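Source file model27.pdb; content: PDB, C-alpha atoms.
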ATOM      1  CA  PRO A 545     -20.434 -19.521 -29.984  1.00  0.00           C
ATOM      2  CA  ASN A 546     -23.256 -21.769 -30.993  1.00  0.00           C
ATOM      3  CA  THR A 547     -24.583 -20.397 -34.301  1.00  0.00           C
ATOM      4  CA  THR A 548     -28.196 -21.062 -33.330  1.00  0.00           C
ATOM      5  CA  ILE A 549     -27.920 -18.541 -30.503  1.00  0.00           C
ATOM      6  CA  SER A 550     -25.216 -16.216 -31.838  1.00  0.00           C
ATOM      7  CA  ASN A 551     -27.765 -13.655 -33.024  1.00  0.00           C
ATOM      8  CA  LYS A 552     -29.807 -13.747 -29.798  1.00  0.00           C
ATOM      9  CA  LYS A 553     -30.100 -10.555 -27.777  1.00  0.00           C
ATOM     10  CA  ASN A 554     -30.779  -9.926 -24.081  1.00  0.00           C
ATOM     11  CA  VAL A 555     -28.837 -12.970 -22.913  1.00  0.00           C
ATOM     12  CA  ILE A 556     -26.921 -14.029 -19.831  1.00  0.00           C
ATOM     13  CA  TYR A 557     -23.770 -15.949 -20.701  1.00  0.00           C
ATOM     14  CA  GLN A 558     -20.865 -17.753 -19.076  1.00  0.00           C
ATOM     15  CA  ILE A 559     -17.296 -17.865 -20.327  1.00  0.00           C
ATOM     16  CA  ASN A 560     -15.056 -20.669 -19.063  1.00  0.00           C
ATOM     17  CA  CYS A 561     -11.285 -20.340 -18.917  1.00  0.00           C
ATOM     18  CA  ASN A 562      -9.433 -22.920 -21.026  1.00  0.00           C
ATOM     19  CA  ASP A 563      -6.572 -23.208 -18.573  1.00  0.00           C
ATOM     20  CA  CYS A 564      -8.225 -23.397 -15.155  1.00  0.00           C
ATOM     21  CA  PRO A 565     -11.698 -23.793 -13.601  1.00  0.00           C
ATOM     22  CA  ALA A 566     -12.334 -20.021 -13.546  1.00  0.00           C
ATOM     23  CA  TYR A 567     -15.423 -18.619 -15.255  1.00  0.00           C
ATOM     24  CA  TYR A 568     -17.149 -15.301 -15.841  1.00  0.00           C
ATOM     25  CA  ILE A 569     -20.875 -14.511 -15.991  1.00  0.00           C
ATOM     26  CA  GLY A 570     -22.095 -11.556 -18.042  1.00  0.00           C
ATOM     27  CA  GLN A 571     -25.005 -10.119 -19.957  1.00  0.00           C
ATOM     28  CA  THR A 572     -25.538  -8.385 -23.252  1.00  0.00           C
ATOM     29  CA  LYS A 573     -28.427  -6.544 -24.837  1.00  0.00           C
ATOM     30  CA  ARG A 574     -26.697  -6.845 -28.207  1.00  0.00           C
ATOM     31  CA  ASP A 575     -26.075  -9.929 -30.331  1.00  0.00           C
ATOM     32  CA  PHE A 576     -24.382 -12.735 -28.444  1.00  0.00           C
ATOM     33  CA  ILE A 577     -21.632 -12.954 -31.089  1.00  0.00           C
ATOM     34  CA  THR A 578     -20.912  -9.208 -30.884  1.00  0.00           C
ATOM     35  CA  ARG A 579     -20.262  -9.419 -27.142  1.00  0.00           C
ATOM     36  CA  PHE A 580     -18.067 -12.489 -27.633  1.00  0.00           C
ATOM     37  CA  LYS A 581     -15.907 -10.553 -30.105  1.00  0.00           C
ATOM     38  CA  GLU A 582     -15.640  -7.643 -27.659  1.00  0.00           C
ATOM     39  CA  HIS A 583     -14.336  -9.974 -24.950  1.00  0.00           C
ATOM     40  CA  LYS A 584     -11.761 -11.390 -27.365  1.00  0.00           C
ATOM     41  CA  SER A 585     -10.685  -7.893 -28.382  1.00  0.00           C
ATOM     42  CA  ALA A 586     -10.315  -6.767 -24.754  1.00  0.00           C
ATOM     43  CA  ILE A 587      -7.982  -9.672 -24.093  1.00  0.00           C
ATOM     44  CA  ILE A 588      -5.959  -9.228 -27.295  1.00  0.00           C
ATOM     45  CA  ASN A 589      -5.620  -5.473 -26.715  1.00  0.00           C
ATOM     46  CA  ASN A 590      -5.006  -5.939 -22.989  1.00  0.00           C
ATOM     47  CA  THR A 591      -7.632  -3.359 -22.023  1.00  0.00           C
ATOM     48  CA  ASN A 592      -8.577  -5.196 -18.793  1.00  0.00           C
ATOM     49  CA  THR A 593     -12.147  -3.918 -18.860  1.00  0.00           C
ATOM     50  CA  THR A 594     -13.642  -6.989 -17.146  1.00  0.00           C
ATOM     51  CA  SER A 595     -12.587  -9.522 -14.540  1.00  0.00           C
ATOM     52  CA  LEU A 596     -12.294 -12.002 -17.411  1.00  0.00           C
ATOM     53  CA  SER A 597      -9.823  -9.898 -19.395  1.00  0.00           C
ATOM     54  CA  GLN A 598      -7.846  -9.172 -16.220  1.00  0.00           C
ATOM     55  CA  HIS A 599      -7.666 -12.902 -15.450  1.00  0.00           C
ATOM     56  CA  CYS A 600      -6.532 -13.794 -18.973  1.00  0.00           C
ATOM     57  CA  SER A 601      -3.936 -11.012 -19.005  1.00  0.00           C
ATOM     58  CA  THR A 602      -2.545 -11.705 -15.546  1.00  0.00           C
ATOM     59  CA  HIS A 603      -2.332 -15.489 -15.891  1.00  0.00           C
ATOM     60  CA  LYS A 604      -1.785 -15.695 -19.671  1.00  0.00           C
ATOM     61  CA  HIS A 605      -4.935 -17.813 -19.947  1.00  0.00           C
ATOM     62  CA  THR A 606      -7.357 -18.076 -22.852  1.00  0.00           C
ATOM     63  CA  PHE A 607     -10.999 -18.852 -23.575  1.00  0.00           C
ATOM     64  CA  LYS A 608     -12.690 -20.140 -26.725  1.00  0.00           C
ATOM     65  CA  PHE A 609     -16.431 -19.736 -26.388  1.00  0.00           C
ATOM     66  CA  MET A 610     -19.331 -18.332 -24.443  1.00  0.00           C
ATOM     67  CA  LYS A 611     -22.071 -20.517 -23.071  1.00  0.00           C
ATOM     68  CA  TYR A 612     -25.652 -19.298 -23.146  1.00  0.00           C
ATOM     69  CA  ILE A 613     -27.247 -19.404 -19.664  1.00  0.00           C
ATOM     70  CA  ASP A 614     -30.489 -17.450 -19.791  1.00  0.00           C
ATOM     71  CA  ARG A 615     -32.494 -15.020 -21.921  1.00  0.00           C
ATOM     72  CA  THR A 616     -35.309 -12.508 -21.547  1.00  0.00           C
ATOM     73  CA  ASN A 617     -37.403 -10.522 -23.986  1.00  0.00           C
ATOM     74  CA  ASP A 618     -37.310  -7.548 -21.612  1.00  0.00           C
ATOM     75  CA  PRO A 619     -33.930  -5.744 -21.574  1.00  0.00           C
ATOM     76  CA  PHE A 620     -34.813  -4.109 -18.244  1.00  0.00           C
ATOM     77  CA  ILE A 621     -34.925  -7.568 -16.625  1.00  0.00           C
ATOM     78  CA  LEU A 622     -31.414  -8.416 -17.865  1.00  0.00           C
ATOM     79  CA  PRO A 623     -29.461  -6.901 -14.933  1.00  0.00           C
ATOM     80  CA  ILE A 624     -31.773  -8.688 -12.515  1.00  0.00           C
ATOM     81  CA  LEU A 625     -31.168 -12.033 -14.233  1.00  0.00           C
ATOM     82  CA  GLU A 626     -27.433 -11.402 -14.280  1.00  0.00           C
ATOM     83  CA  SER A 627     -27.476 -10.576 -10.566  1.00  0.00           C
ATOM     84  CA  ILE A 628     -29.391 -13.755  -9.810  1.00  0.00           C
ATOM     85  CA  HIS A 629     -26.943 -15.947 -11.751  1.00  0.00           C
ATOM     86  CA  ILE A 630     -23.917 -14.274 -10.171  1.00  0.00           C
ATOM     87  CA  PHE A 631     -25.482 -14.498  -6.711  1.00  0.00           C
ATOM     88  CA  LYS A 632     -26.222 -18.213  -7.201  1.00  0.00           C
ATOM     89  CA  ASN A 633     -22.511 -18.735  -7.902  1.00  0.00           C
ATOM     90  CA  SER A 634     -21.113 -16.174  -5.449  1.00  0.00           C
ATOM     91  CA  GLY A 635     -19.801 -18.856  -3.091  1.00  0.00           C
ATOM     92  CA  ASP A 636     -17.732 -20.445  -5.851  1.00  0.00           C
ATOM     93  CA  SER A 637     -14.102 -19.312  -5.677  1.00  0.00           C
ATOM     94  CA  ASN A 638     -13.769 -19.957  -9.437  1.00  0.00           C
ATOM     95  CA  LEU A 639     -16.227 -17.164 -10.265  1.00  0.00           C
ATOM     96  CA  LEU A 640     -14.198 -14.297 -11.738  1.00  0.00           C
ATOM     97  CA  ASN A 641     -16.799 -11.555 -11.411  1.00  0.00           C
ATOM     98  CA  SER A 642     -15.356  -8.986  -9.043  1.00  0.00           C
ATOM     99  CA  GLN A 643     -18.697  -7.217  -8.861  1.00  0.00           C
ATOM    100  CA  ARG A 644     -20.998  -9.693  -7.186  1.00  0.00           C
ATOM    101  CA  ASP A 645     -23.890  -7.260  -7.705  1.00  0.00           C
ATOM    102  CA  PRO A 646     -23.511  -5.986 -11.297  1.00  0.00           C
ATOM    103  CA  LYS A 647     -24.612  -2.523 -12.333  1.00  0.00           C
ATOM    104  CA  ASN A 648     -25.018  -1.702  -8.616  1.00  0.00           C
ATOM    105  CA  PHE A 649     -28.310  -3.528  -8.728  1.00  0.00           C
ATOM    106  CA  ILE A 650     -29.048  -4.508  -5.155  1.00  0.00           C
ATOM    107  CA  LEU A 651     -30.948  -7.761  -5.163  1.00  0.00           C
ATOM    108  CA  PRO A 652     -33.263  -7.383  -2.171  1.00  0.00           C
ATOM    109  CA  HIS A 653     -32.407  -9.752   0.676  1.00  0.00           C
ATOM    110  CA  ILE A 654     -35.903 -11.222   0.654  1.00  0.00           C
ATOM    111  CA  TYR A 655     -35.284 -12.476  -2.892  1.00  0.00           C
ATOM    112  CA  LYS A 656     -31.796 -13.768  -2.081  1.00  0.00           C
ATOM    113  CA  SER A 657     -33.300 -16.157   0.453  1.00  0.00           C
ATOM    114  CA  LEU A 658     -35.505 -17.601  -2.308  1.00  0.00           C
ATOM    115  CA  ILE A 659     -32.677 -18.190  -4.767  1.00  0.00           C
TER     116      ILE A 659
END
Let's see the structure in the file written out as structure tokens.
Amino acid sequence: PNTTISNKKNVIYQINCNDCPAYYIGQTKRDFITRFKEHKSAIINNTNTTSLSQHCSTHKHTFKFMKYIDRTNDPFILPILESIHIFKNSGDSNLLNSQRDPKNFILPHIYKSLI
């Protein structure tokens, strides 16, 4: 990850597959670099805890970095931001997120029409 943002908290990120156009969108309240290491560990240990680790395990694909997408100072806004970014990409077949509405946060339909 970019060292200027590696210590940032409350971020939305994207991880691109190295071997195909697939990508994953996630969020972390902790340091950006800490979450990156957790994703790497899940893939190495084959724990399949996310759609990303399942994809890498199933297809023997890899990833190298996370891309910063968005940030908030309010950790309670984070799931809303994540939902918005996933929703904006929900029509893309390359999006790996199996949960199109993370954390069971239901983005009200009135807002979806504005996105």
Nearest candidate to A:Phe609 (options A:Ser637, A:Asn560, A:Ser642, A:Asn551; using all atoms listed in the file)
A:Asn560
Translate the PyMOL selection byres ((chain A and resi 603) around 12) into a concrete residue list for this structure, as a ChimeraX atom specification.
/A:561-564,566,587,595-602,604-606
Here's the selection I'm unsure about, the PyMOL selection byres ((chain A and resi 615) around 8); applied to the file above, which residues does it give, as a list in words?
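Written out, the selection comes to Lys553, Asn554, Val555, Ile556, Ile613, Asp614, Thr616, Asn617 and Leu622 of chain A.
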If you measure from atom CA of A:Tyr568 to atom CA of A:Asn633, what distance in Å do you get, rounded to one decimal?
10.2 Å
When the PyMOL selection byres ((chain A and resi 575) around 10) is applied to the file above, which residues end up in the set, as a list in words?
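Written out, the selection comes to Ile549, Ser550, Asn551, Lys552, Lys553, Asn554, Val555, Thr572, Lys573, Arg574, Phe576, Ile577, Thr578, Arg579 and Phe580 of chain A.
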Interatomic distance between atom CA of A:Ala586 and atom CA of A:Ile628?
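Atom CA of A:Ala586 sits 25.2 Å away from atom CA of A:Ile628.
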Select all residues near (-19.6, -20.1, -26.0) (cut-off 8 Å, inclusive, file coordinates), counting all atoms listed in the file, and output them as number ranges by chain.
A: 545-546, 557-559, 580, 608-612
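Interatomic distance, atom CA of A:Gly570 against atom CA of A:Asn592: 15.0 Å.
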My list of candidates is A:Ile569, A:Asn590, A:His629, A:Ile624. Which is closest to A:Asn641 when distances are computed with all atoms listed in the file?
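Checking each candidate against A:Asn641, we get A:Ile569 as the closest.
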Repaired coordinates for stretch 614-625 of chain A (all heavy atoms) as a compact mmCIF listing (two decimals), in the coordinates of the input:
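Now in rebuild07.txt:
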# COMPACT_ATOMS: atom_id res chain seq x y z
N ASP A 614 -29.10 -17.88 -19.98
CA ASP A 614 -30.49 -17.45 -19.79
C ASP A 614 -30.80 -16.35 -20.80
O ASP A 614 -29.89 -15.76 -21.39
CB ASP A 614 -30.67 -16.91 -18.37
CG ASP A 614 -32.08 -17.09 -17.83
OD1 ASP A 614 -33.01 -17.34 -18.63
OD2 ASP A 614 -32.25 -16.97 -16.61
N ARG A 615 -32.08 -16.05 -20.97
CA ARG A 615 -32.49 -15.02 -21.92
C ARG A 615 -33.82 -14.43 -21.47
O ARG A 615 -34.62 -15.09 -20.83
CB ARG A 615 -32.65 -15.64 -23.31
CG ARG A 615 -33.02 -14.64 -24.37
CD ARG A 615 -32.96 -15.28 -25.76
NE ARG A 615 -33.23 -14.27 -26.76
CZ ARG A 615 -34.46 -13.94 -27.16
NH1 ARG A 615 -35.51 -14.55 -26.69
NH2 ARG A 615 -34.62 -13.00 -28.08
N THR A 616 -34.04 -13.17 -21.82
CA THR A 616 -35.31 -12.51 -21.55
C THR A 616 -35.69 -11.66 -22.76
O THR A 616 -34.82 -11.25 -23.52
CB THR A 616 -35.23 -11.62 -20.29
OG1 THR A 616 -36.51 -10.99 -20.10
CG2 THR A 616 -34.17 -10.55 -20.42
N ASN A 617 -36.95 -11.43 -22.93
CA ASN A 617 -37.40 -10.52 -23.99
C ASN A 617 -37.40 -9.07 -23.51
O ASN A 617 -37.52 -8.16 -24.31
CB ASN A 617 -38.81 -10.90 -24.46
CG ASN A 617 -38.81 -12.20 -25.24
OD1 ASN A 617 -37.86 -12.49 -25.95
ND2 ASN A 617 -39.85 -12.98 -25.08
N ASP A 618 -37.26 -8.88 -22.21
CA ASP A 618 -37.31 -7.55 -21.61
C ASP A 618 -35.91 -7.11 -21.19
O ASP A 618 -35.36 -7.64 -20.22
CB ASP A 618 -38.24 -7.58 -20.40
CG ASP A 618 -38.45 -6.21 -19.78
OD1 ASP A 618 -37.69 -5.27 -20.11
OD2 ASP A 618 -39.36 -6.08 -18.95
N PRO A 619 -35.30 -6.16 -21.90
CA PRO A 619 -33.93 -5.74 -21.57
C PRO A 619 -33.79 -5.14 -20.18
O PRO A 619 -32.70 -5.12 -19.62
CB PRO A 619 -33.59 -4.72 -22.66
CG PRO A 619 -34.88 -4.28 -23.23
CD PRO A 619 -35.85 -5.40 -23.02
N PHE A 620 -34.89 -4.67 -19.59
CA PHE A 620 -34.81 -4.11 -18.24
C PHE A 620 -34.69 -5.20 -17.18
O PHE A 620 -34.27 -4.94 -16.06
CB PHE A 620 -36.03 -3.21 -17.97
CG PHE A 620 -36.07 -2.02 -18.88
CD1 PHE A 620 -36.96 -1.98 -19.94
CD2 PHE A 620 -35.19 -0.96 -18.69
CE1 PHE A 620 -36.98 -0.88 -20.80
CE2 PHE A 620 -35.22 0.14 -19.54
CZ PHE A 620 -36.10 0.17 -20.60
N ILE A 621 -35.04 -6.43 -17.54
CA ILE A 621 -34.92 -7.57 -16.62
C ILE A 621 -33.50 -8.13 -16.64
O ILE A 621 -33.07 -8.80 -15.71
CB ILE A 621 -35.94 -8.67 -17.03
CG1 ILE A 621 -37.36 -8.14 -16.95
CG2 ILE A 621 -35.79 -9.93 -16.20
CD1 ILE A 621 -37.82 -7.76 -15.56
N LEU A 622 -32.75 -7.84 -17.68
CA LEU A 622 -31.41 -8.42 -17.86
C LEU A 622 -30.49 -8.24 -16.66
O LEU A 622 -29.88 -9.21 -16.22
CB LEU A 622 -30.79 -7.83 -19.14
CG LEU A 622 -29.78 -8.68 -19.86
CD1 LEU A 622 -30.32 -10.05 -20.20
CD2 LEU A 622 -29.33 -7.97 -21.11
N PRO A 623 -30.36 -7.03 -16.09
CA PRO A 623 -29.46 -6.90 -14.93
C PRO A 623 -29.94 -7.70 -13.72
O PRO A 623 -29.13 -8.18 -12.93
CB PRO A 623 -29.45 -5.41 -14.61
CG PRO A 623 -30.32 -4.74 -15.59
CD PRO A 623 -30.90 -5.76 -16.52
N ILE A 624 -31.24 -7.89 -13.61
CA ILE A 624 -31.77 -8.69 -12.52
C ILE A 624 -31.38 -10.15 -12.71
O ILE A 624 -30.90 -10.81 -11.79
CB ILE A 624 -33.31 -8.54 -12.41
CG1 ILE A 624 -33.67 -7.09 -12.11
CG2 ILE A 624 -33.88 -9.50 -11.37
CD1 ILE A 624 -35.14 -6.76 -12.27
N LEU A 625 -31.55 -10.65 -13.93
CA LEU A 625 -31.17 -12.03 -14.23
C LEU A 625 -29.68 -12.25 -14.01
O LEU A 625 -29.27 -13.26 -13.46
CB LEU A 625 -31.52 -12.38 -15.68
CG LEU A 625 -32.93 -12.81 -15.98
CD1 LEU A 625 -33.12 -13.06 -17.47
CD2 LEU A 625 -33.30 -14.05 -15.19
